[in-house]
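Down below is the structure, laid out as structure tokens.
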There are 4 protein chains.
Amino acid sequence: LSESLKLAVAGVGNNISALLQGVQLYRRMLDEGVAEDRLPGVTRSRIGGLRVCDVDFVAAFEVDQHKVGKDLSEAILTGPNNYPLLGGPVQWQDVAVRHGIRDDAPGARRTVAEELRASGAEVLLYSLPTGLQWAAEEYARSAAEAGVAFVNCTPESIARSPEFTELFAAVGAPLVGDDLASHLGSSVLHRSLLRLFADRGITLRSSYQLNFGGNEDFRNLRERGGSKRQSKLNALAQDGVDLAAVEIIPSAGYVPQLGDHKVAMLNVEGVGWGNTPVELDLKLKVQDSSNAAGVIIDLIRIAAAARRSGITRFPAAAARVLKSPPGGHRAYGAEAIRRSELELEPFDVETSGR
Amino acid sequence: LSESLKLAVAGVGNNISALLQGVQLYRRMLDEGVAEDRLPGVTRSRIGGLRVCDVDFVAAFEVDQHKVGKDLSEAILTGPNNYPLLGGPVQWQDVAVRHGIRDDAPGARRTVAEELRASGAEVLLYSLPTGLQWAAEEYARSAAEAGVAFVNCTPESIARSPEFTELFAAVGAPLVGDDLASHLGSSVLHRSLLRLFADRGITLRSSYQLNFGGNEDFRNLRERGGSKRQSKLNALAQDGVDLAAVEIIPSAGYVPQLGDHKVAMLNVEGVGWGNTPVELDLKLKVQDSSNAAGVIIDLIRIAAAARRSGITRFPAAAARVLKSPPGGHRAYGAEAIRRSELELEPFDVETSGR
Amino acid sequence: LSESLKLAVAGVGNNISALLQGVQLYRRMLDEGVAEDRLPGVTRSRIGGLRVCDVDFVAAFEVDQHKVGKDLSEAILTGPNNYPLLGGPVQWQDVAVRHGIRDDAPGARRTVAEELRASGAEVLLYSLPTGLQWAAEEYARSAAEAGVAFVNCTPESIARSPEFTELFAAVGAPLVGDDLASHLGSSVLHRSLLRLFADRGITLRSSYQLNFGGNEDFRNLRERGGSKRQSKLNALAQDGVDLAAVEIIPSAGYVPQLGDHKVAMLNVEGVGWGNTPVELDLKLKVQDSSNAAGVIIDLIRIAAAARRSGITRFPAAAARVLKSPPGGHRAYGAEAIRRSELELEPFDVETSGR
Amino acid sequence: LSESLKLAVAGVGNNISALLQGVQLYRRMLDEGVAEDRLPGVTRSRIGGLRVCDVDFVAAFEVDQHKVGKDLSEAILTGPNNYPLLGGPVQWQDVAVRHGIRDDAPGARRTVAEELRASGAEVLLYSLPTGLQWAAEEYARSAAEAGVAFVNCTPESIARSPEFTELFAAVGAPLVGDDLASHLGSSVLHRSLLRLFADRGITLRSSYQLNFGGNEDFRNLRERGGSKRQSKLNALAQDGVDLAAVEIIPSAGYVPQLGDHKVAMLNVEGVGWGNTPVELDLKLKVQDSSNAAGVIIDLIRIAAAARRSGITRFPAAAARVLKSPPGGHRAYGAEAIRRSELELEPFDVETSGR
């Protein structure tokens, strides 16, 4: 068996709660005899030899005073986090949450780098709220200083920045990002449906996608959803969709009753033969942070496997679950991605690359 | 310009109403200056040089006494047909609907063959109600006798029967079938969604598909939907879907208020990361017979183009819009179909074949 | 506190599983300190002094050989029953399920009557599958012989039959029925929506209601739903709804994946000012047998309270949750029902009556 | 026949387009022989003798320079208005849209009052965008000066302001408002469903209501929906609904593809017997401005009838279609409203009042 992945996290939000509790749940399932390839909701049993349960949390950084100082097992259950308990108490992690990097604290970057080194972390997972470019950069530099792989879950520009690509190449650590695609999100679903309409010769007339939920993301996005809307529309434009017919509302509302659930309402209307209408309405409900963690588990395993193999190029296998990989999706042809995926076990990063 | 396709029809139901009215509508649009490749709801502008409006109806057969003897333009609007008027009166076709083949009328086949010859028909389109294997066979033999191409819209076994394949090869006429796939139907949608779930690593827990509508098909299917249910499940099984999780009801009910509309309700439930639920509900509403006519228009053009080119092998391009092509879909690899499609203009049937 | 209600049951299906497990669950909640009027999903805390947990099962009859002989606590979990476990094991009831009345077993009625007397039952709850008029009659006569109150959950005609009304009046036992209304069912919802449309001056154009589920009822109803459809349409006709616009499918399909859940799809389409469309689509999902048990709990308490008070007239308070009370709903004016409801505690049956 | 109602309008938005075109459509239907009480989408055939087609537009005020100066028939079709054409060209009204009252134009009020008098208007309908209290007041004073009845469609406080009540009483003109209830809106639907859940003993757990659409209201409300949200929640609180369980988003998004359509998504989740879930999802789609015009037609007829009868008290019959009638809904008991409605023909305002 491979040695467990040593993970440090920057930001202790719902995503980390989902990740940590999921790891613990799957470990229990495996102990109870569930076959490795029968774990529910797991896309890939192994990446670089690592199973989904082979993750040890070794460090955590956060600025929320209600979380700092607590054990990670307690911090993930502290409000405004509202991811549910996954069928049992969370095991004590013996990892105290430390003060994260703040805007007004010079020198913090160095401290974080030292703590990363001391913890033995292989990967630093960055998942702060969207919009803090400076914080993403500071944590990335800390990781580079410590020679630790960096995974950026947010839309901030790190992995697609030449500056950081060079920095990580120089220190010999993998850099993976940017911006997580959901495990099964409204974007991929919307694109599938629009593509199906186009494939079948149904002429698109109107379509909308509304997303809403009850966690902090939806509260924030309600006001600052503009760039997310544009990024989702860009993805559709790449597919050749007529944007004049489409509207996307990343956060239609903050509905606290939903807790960490996300709901997407999709409507697609077109015309078929004889100009007669085709109407489709769809509701998708998911556990929002599980939708992130189901992808994070792959990204951190890819990053760790690459680091263990001494490879620092961007791993093509990661492109599939990122919204903005360096160079865009076109840099990773279907062939390249397929090949790299087939060879994920054992992990062979050489097949990837641009 | 190509000379118009000369079409004979066996059965004058909603599908023929949709086909004829659509042809007329698109002809008007083109006259009004709409560009050929901007016609709404049309998958392929041309096949073998033929536009969607290049269809002349030259003969029609039917056993319903309320339709026989009428001009085709009137017969398509006679109940139980309930396809809507597409924005204007239907032009007089100068084609009287003739007595079709009946169970108890020996010799009818010869008469039909003679009428086919006399009419100059290139293609006989067979679209009687599902379940009349004997009728499908009789009309197919009539077409063969007259040297006319045959397109079978129904699930009856004709094109996938070696006997008929040989018969049509012998007379040098194309044979296209069996069983129309919808332009945008619940099956293709259901398969897309289930595939998406599988691709993303969401474990399927439960799924159902219910179809209902207000035309005669739904009244008939309510009682005799068993084989259709099985055929839809088979298609899912080919995709590797766990059938224990899936139920399909081809006709959940006859709802006359819906007229010729079809409604499909789809539900897909699975679990993602951490065994947390993913729930999807979808409603699709289409004009049922447009959904057929949008595919028929391709099949009859393919059949006519093949006949004009003197080709009698089954055209691979047709496989894409049939549920049961001869040899099954696997006989027509994605590559073969793609290639044949690229070459549809000018139509080159040699690239297809098993 | 009132002495617990002594209940005998004819038929050990999902409804009885829901009733028994619910009684046990609420008893536990009350023990844990939940206030009597804060029990979730309970319409009336007390009827005739009886709480929802004040039910003792004293006898059970059934013909399914897989259930006969088992303790009631085991029989309710035996297939095809598929009501879920309500958060914990079911307590041993110390009530062996006995052979029920069969078509071919003369004398069974007398045996049942003796067992009812021996068990001390106050109420016999009849909930066999729909359509067995003879069985309903036999059990009703058994109850009458034993002087036990009779509650008929099914559409069979018992309480609205003059013959049985007289029989129960003669023996001095209450007779309550026929045909359970759901706790929150598709009928009441559909009627509410249609009434709302009418009240607001929206002109109805089309409406449908489709029900489907995964328990035995839906399997049976798929074939034999005709009378249920008519009874639901009759209810709408009483409201003045234009039936030409409405279709109801009591069982659109048997979807085993749904287990004991019932799903109803409702659509209401009309036109408002300027003849412009108003479209409403609704999905309702409920635990089907909970939907019955939530009403049964009131009917058996009403029956027991009436019997304890020595009253044999049909209790008006029951009319509200029955589809076919004796004399129809009009026999129980809103005023009478409202008055009787206000006085349910203490239960005063004299205020009711026709 | 009654003489037609002479109507002046302040604001020439979609509502006026819907009102004017609807009046024209119904006039044509009546001419074609449709019976008065069979007009689709009309709640009350007559109020005070006035049919829905008995409305003459005599004056119109607006500040949008693209509308001022045009004939009312053209102004209602000028963007951003996007209400559809109701089946035919709009008749020339011979009413030029005049400059409305502006913040920076002292003396405008007097001019409007003079124009009202000159036009012979009986009623001034105020339907500017929400949020302009000063404008509502200025137009109300103009109406009072001219002795014209005033109908306030907006939430601004006019009819519920003692100052204005006195002013209109003094000049002897009716004052009707505030805040239009929709013909069939998401609020009344949401309240009906929540009431039904409560009536049936289903315990509410969570509920949300999201509204979105493609007209200017939704663009404005997206940013300024706070007060509307609160007003909708207040209405639910009056029904005894637990607000902790409910969220309402008045404008979840501006979706231009929807044009003047409004879509509401409602979700209600509760628990029934045995604490088992009851889930309801609903989509309502309406023509937004028809939804307003269907109520405006009643309010202006009530106002005109009251004025003709020389009555100045607030007419109780109007309370039913207003969100904030003077004194709140409780001032108009069900009995009073019912009585006044029964006597609407002939209109007898004396039966109403507080």
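So you can find residues: chains in the structure tokens are A, B, ... in the order shown, residues in each start at 1, and ligands are numbered from 1 in order.
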Quick one: residues within 9 Å of Gly177 (chain A), only C-alpha atoms counted, chain neighbours fewer than 5 positions away excluded, as a VMD selection string? chain A and resid 150 to 155 157 to 160 299 314 318 to 319 322 to 326
I need the chosen residues saved as a compact mmCIF listing (two decimals), in the first residue's frame, with all heavy atoms.
```
# COMPACT_ATOMS: atom_id res chain seq x y z
N PHE A 150 0.78 22.57 -4.71
CA PHE A 150 -0.29 23.52 -4.41
C PHE A 150 -1.49 23.20 -5.29
O PHE A 150 -1.36 23.06 -6.51
CB PHE A 150 0.21 24.94 -4.69
CG PHE A 150 -0.73 26.03 -4.24
CD1 PHE A 150 -0.86 26.35 -2.90
CD2 PHE A 150 -1.48 26.75 -5.18
CE1 PHE A 150 -1.73 27.37 -2.48
CE2 PHE A 150 -2.34 27.77 -4.77
CZ PHE A 150 -2.46 28.08 -3.42
N VAL A 151 -2.64 23.11 -4.66
CA VAL A 151 -3.89 22.89 -5.41
C VAL A 151 -4.81 24.07 -5.16
O VAL A 151 -5.19 24.33 -4.01
CB VAL A 151 -4.58 21.57 -4.99
CG1 VAL A 151 -5.95 21.45 -5.64
CG2 VAL A 151 -3.71 20.37 -5.34
N ASN A 152 -5.18 24.77 -6.20
CA ASN A 152 -6.03 25.95 -6.07
C ASN A 152 -7.45 25.64 -6.52
O ASN A 152 -7.73 25.47 -7.71
CB ASN A 152 -5.46 27.10 -6.92
CG ASN A 152 -6.40 28.30 -6.91
OD1 ASN A 152 -7.16 28.49 -5.96
ND2 ASN A 152 -6.33 29.11 -7.97
N CYS A 153 -8.38 25.62 -5.56
CA CYS A 153 -9.78 25.31 -5.86
C CYS A 153 -10.54 26.51 -6.41
O CYS A 153 -11.64 26.36 -6.93
CB CYS A 153 -10.52 24.88 -4.59
SG CYS A 153 -9.84 23.42 -3.84
N THR A 154 -10.02 27.71 -6.28
CA THR A 154 -10.78 28.92 -6.56
C THR A 154 -10.47 29.46 -7.94
O THR A 154 -9.51 29.03 -8.59
CB THR A 154 -10.44 30.02 -5.52
OG1 THR A 154 -9.11 30.49 -5.79
CG2 THR A 154 -10.50 29.48 -4.11
N PRO A 155 -11.28 30.43 -8.40
CA PRO A 155 -11.04 31.02 -9.72
C PRO A 155 -9.86 31.98 -9.75
O PRO A 155 -9.51 32.48 -10.83
CB PRO A 155 -12.33 31.80 -10.02
CG PRO A 155 -13.23 31.64 -8.87
CD PRO A 155 -12.55 30.88 -7.80
N SER A 157 -6.30 33.49 -10.22
CA SER A 157 -5.33 33.06 -11.22
C SER A 157 -3.99 32.69 -10.57
O SER A 157 -3.22 33.54 -10.16
CB SER A 157 -5.11 34.19 -12.24
OG SER A 157 -4.10 33.83 -13.14
N ILE A 158 -3.72 31.41 -10.46
CA ILE A 158 -2.43 30.93 -9.93
C ILE A 158 -1.80 29.97 -10.93
O ILE A 158 -0.79 30.26 -11.54
CB ILE A 158 -2.61 30.25 -8.55
CG1 ILE A 158 -3.23 31.23 -7.53
CG2 ILE A 158 -1.26 29.73 -8.03
CD1 ILE A 158 -2.37 32.40 -7.14
N ALA A 159 -2.45 28.83 -11.14
CA ALA A 159 -1.84 27.83 -12.03
C ALA A 159 -1.77 28.32 -13.48
O ALA A 159 -0.94 27.86 -14.26
CB ALA A 159 -2.62 26.52 -11.96
N ARG A 160 -2.66 29.26 -13.81
CA ARG A 160 -2.60 29.76 -15.19
C ARG A 160 -1.78 31.04 -15.27
O ARG A 160 -1.77 31.70 -16.31
CB ARG A 160 -4.01 29.94 -15.76
CG ARG A 160 -4.88 30.99 -15.10
CD ARG A 160 -6.30 30.88 -15.70
NE ARG A 160 -7.20 31.94 -15.32
CZ ARG A 160 -7.90 32.01 -14.20
NH1 ARG A 160 -7.78 31.06 -13.27
NH2 ARG A 160 -8.72 33.02 -13.96
N LEU A 299 -7.83 15.80 -7.27
CA LEU A 299 -6.77 16.79 -7.49
C LEU A 299 -5.62 16.64 -6.51
O LEU A 299 -4.45 16.75 -6.88
CB LEU A 299 -7.35 18.21 -7.42
CG LEU A 299 -8.31 18.57 -8.56
CD1 LEU A 299 -8.86 19.98 -8.35
CD2 LEU A 299 -7.62 18.46 -9.92
N PHE A 314 2.30 20.50 -15.39
CA PHE A 314 0.88 20.40 -15.05
C PHE A 314 0.34 19.06 -15.54
O PHE A 314 0.47 18.70 -16.70
CB PHE A 314 0.09 21.54 -15.71
CG PHE A 314 -1.37 21.43 -15.45
CD1 PHE A 314 -1.92 21.88 -14.25
CD2 PHE A 314 -2.22 20.84 -16.39
CE1 PHE A 314 -3.28 21.76 -14.00
CE2 PHE A 314 -3.58 20.71 -16.13
CZ PHE A 314 -4.10 21.17 -14.95
N ALA A 318 -5.63 16.36 -14.61
CA ALA A 318 -6.34 17.31 -13.74
C ALA A 318 -7.23 18.24 -14.53
O ALA A 318 -8.20 18.80 -14.00
CB ALA A 318 -5.34 18.11 -12.90
N ALA A 319 -6.91 18.42 -15.80
CA ALA A 319 -7.63 19.41 -16.61
C ALA A 319 -9.12 19.13 -16.65
O ALA A 319 -9.95 20.04 -16.66
CB ALA A 319 -7.06 19.44 -18.03
N LEU A 322 -11.10 20.80 -13.81
CA LEU A 322 -10.81 22.21 -13.53
C LEU A 322 -11.52 23.07 -14.56
O LEU A 322 -11.68 22.68 -15.70
CB LEU A 322 -9.30 22.47 -13.62
CG LEU A 322 -8.47 21.85 -12.51
CD1 LEU A 322 -6.98 21.91 -12.84
CD2 LEU A 322 -8.74 22.55 -11.17
N LYS A 323 -11.94 24.26 -14.11
CA LYS A 323 -12.62 25.14 -15.06
C LYS A 323 -11.63 25.96 -15.87
O LYS A 323 -11.90 26.32 -17.01
CB LYS A 323 -13.59 26.07 -14.32
CG LYS A 323 -14.85 25.35 -13.88
CD LYS A 323 -15.91 26.32 -13.40
CE LYS A 323 -17.11 25.56 -12.84
NZ LYS A 323 -17.66 26.23 -11.67
N SER A 324 -10.48 26.29 -15.28
CA SER A 324 -9.48 27.11 -15.97
C SER A 324 -8.09 26.52 -15.83
O SER A 324 -7.23 27.07 -15.15
CB SER A 324 -9.49 28.54 -15.40
OG SER A 324 -10.77 29.11 -15.48
N PRO A 325 -7.82 25.39 -16.48
CA PRO A 325 -6.47 24.83 -16.43
C PRO A 325 -5.53 25.74 -17.24
O PRO A 325 -5.99 26.48 -18.10
CB PRO A 325 -6.62 23.48 -17.12
CG PRO A 325 -7.79 23.64 -18.03
CD PRO A 325 -8.71 24.62 -17.35
N PRO A 326 -4.24 25.69 -16.95
CA PRO A 326 -3.30 26.55 -17.70
C PRO A 326 -3.40 26.25 -19.19
O PRO A 326 -3.35 25.09 -19.60
CB PRO A 326 -1.93 26.17 -17.14
CG PRO A 326 -2.14 24.94 -16.31
CD PRO A 326 -3.57 24.90 -15.93
```
### All alpha helix (DSSP H) positions in region 106-267 of chain C, as a count of residues only
72
message = Only residues of chain B matter here; which ones have an atom within 9 Å of chain C, counting only C-alpha atoms? Give them as a ChimeraX atom specification.
response = /B:205-208,210,212,244-249,251-258,265
Using the selection just defined, write its residues with C-alpha atoms as a PDB file, in the first residue's frame.
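Here's the written file part.pdb:
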```pdb
ATOM      1  CA  ARG B 205     -29.491   4.581  -6.936  1.00  0.00           C
ATOM      2  CA  SER B 206     -32.818   4.919  -8.689  1.00  0.00           C
ATOM      3  CA  SER B 207     -34.237   6.273 -11.905  1.00  0.00           C
ATOM      4  CA  TYR B 208     -37.544   6.308 -13.688  1.00  0.00           C
ATOM      5  CA  LEU B 210     -42.659   8.077 -17.483  1.00  0.00           C
ATOM      6  CA  PHE B 212     -47.679  10.153 -21.489  1.00  0.00           C
ATOM      7  CA  ALA B 244     -32.223  -2.975 -11.120  1.00  0.00           C
ATOM      8  CA  ALA B 245     -32.213   0.747 -10.457  1.00  0.00           C
ATOM      9  CA  VAL B 246     -34.306   1.793 -13.436  1.00  0.00           C
ATOM     10  CA  GLU B 247     -37.970   1.690 -14.401  1.00  0.00           C
ATOM     11  CA  ILE B 248     -39.481   2.874 -17.663  1.00  0.00           C
ATOM     12  CA  ILE B 249     -43.169   3.323 -18.391  1.00  0.00           C
ATOM     13  CA  SER B 251     -47.270   5.007 -21.635  1.00  0.00           C
ATOM     14  CA  ALA B 252     -48.101   6.125 -18.132  1.00  0.00           C
ATOM     15  CA  GLY B 253     -51.413   7.370 -19.374  1.00  0.00           C
ATOM     16  CA  TYR B 254     -53.590   8.622 -22.164  1.00  0.00           C
ATOM     17  CA  VAL B 255     -54.276  12.283 -21.420  1.00  0.00           C
ATOM     18  CA  PRO B 256     -56.485  13.548 -24.258  1.00  0.00           C
ATOM     19  CA  GLN B 257     -56.059  17.166 -23.155  1.00  0.00           C
ATOM     20  CA  LEU B 258     -52.461  16.957 -24.361  1.00  0.00           C
ATOM     21  CA  MET B 265     -40.989  12.812 -16.631  1.00  0.00           C
TER      22      MET B 265
END
```
Distance query region 78-84 of chain C at most 9 Å, only C-alpha atoms, self and fewer than 3 positions along chain excluded, as a short mmCIF file (atom, residue, chain, number, x, y, z; two decimals) with N, CA and C atoms, in the first residue's frame:
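Everything below was put into around.cif:
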```cif
data_model
loop_
_atom_site.label_atom_id
_atom_site.label_comp_id
_atom_site.auth_asym_id
_atom_site.auth_seq_id
_atom_site.Cartn_x
_atom_site.Cartn_y
_atom_site.Cartn_z
N VAL C 12 -52.53 -7.00 7.15
CA VAL C 12 -51.29 -6.54 7.78
C VAL C 12 -50.36 -6.02 6.69
N GLY C 13 -50.80 -4.95 6.03
CA GLY C 13 -50.00 -4.34 4.96
C GLY C 13 -49.19 -3.17 5.45
N ASN C 14 -48.71 -2.39 4.50
CA ASN C 14 -47.90 -1.22 4.83
C ASN C 14 -48.62 -0.24 5.77
N ASN C 15 -49.92 -0.11 5.59
CA ASN C 15 -50.65 0.84 6.45
C ASN C 15 -50.50 0.48 7.92
N SER C 17 -48.04 -1.26 9.18
CA SER C 17 -46.65 -1.03 9.54
C SER C 17 -46.45 0.44 9.92
N ALA C 18 -47.01 1.31 9.11
CA ALA C 18 -46.89 2.74 9.37
C ALA C 18 -47.58 3.12 10.68
N HIS C 66 -46.93 -15.97 4.47
CA HIS C 66 -45.65 -15.51 4.99
C HIS C 66 -45.80 -14.65 6.24
N LYS C 67 -47.01 -14.22 6.49
CA LYS C 67 -47.24 -13.37 7.65
C LYS C 67 -47.95 -14.10 8.78
N GLU C 74 -43.10 -8.63 13.45
CA GLU C 74 -42.34 -9.20 12.34
C GLU C 74 -43.16 -9.19 11.05
N ALA C 75 -44.44 -9.46 11.20
CA ALA C 75 -45.29 -9.56 10.01
C ALA C 75 -45.33 -8.23 9.24
N GLY C 87 -36.59 4.51 12.22
CA GLY C 87 -35.56 4.85 13.19
C GLY C 87 -35.43 3.92 14.36
N GLY C 214 -44.31 2.69 -5.72
CA GLY C 214 -43.63 1.42 -5.75
C GLY C 214 -44.17 0.37 -4.78
N ASN C 215 -45.38 0.59 -4.26
CA ASN C 215 -45.94 -0.47 -3.42
C ASN C 215 -47.03 -1.23 -4.18
N GLU C 216 -47.55 -2.24 -3.53
CA GLU C 216 -48.50 -3.14 -4.20
C GLU C 216 -49.73 -2.42 -4.74
N GLY C 259 -40.28 2.26 -3.74
CA GLY C 259 -40.68 1.64 -2.49
C GLY C 259 -42.08 2.09 -2.12
N ASP C 260 -42.28 2.43 -0.86
CA ASP C 260 -43.60 2.84 -0.39
C ASP C 260 -43.87 4.32 -0.64
N HIS C 261 -43.03 4.97 -1.46
CA HIS C 261 -43.32 6.37 -1.78
C HIS C 261 -44.35 6.47 -2.89
N GLN C 287 -44.68 9.62 1.67
CA GLN C 287 -44.60 8.23 2.12
C GLN C 287 -46.03 7.72 2.10
N ASP C 288 -46.36 6.88 1.16
CA ASP C 288 -47.76 6.56 0.88
C ASP C 288 -48.50 6.03 2.10
N SER C 289 -47.90 5.12 2.83
CA SER C 289 -48.64 4.50 3.92
C SER C 289 -48.70 5.40 5.15
N SER C 290 -47.74 6.28 5.30
CA SER C 290 -47.85 7.30 6.34
C SER C 290 -49.06 8.18 6.05
#
```
For region 43-59 of chain D, find every residue with an atom within 7 Å (counting only C-alpha atoms), except residues of its own chain fewer than 6 positions away, and show them as a PyMOL selection string. (chain C and resi 200-201) or (chain D and resi 2+4-9+23-24+26-27+36-37+95+119+121+297+301-302+305+344-347)
Have a look at CA of Gly100 (chain D) and CA of Arg117 (chain D) and let me know their distance in Å, one decimal.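 Separating CA of Gly100 (chain D) from CA of Arg117 (chain D) is a distance of 15.4 Å.
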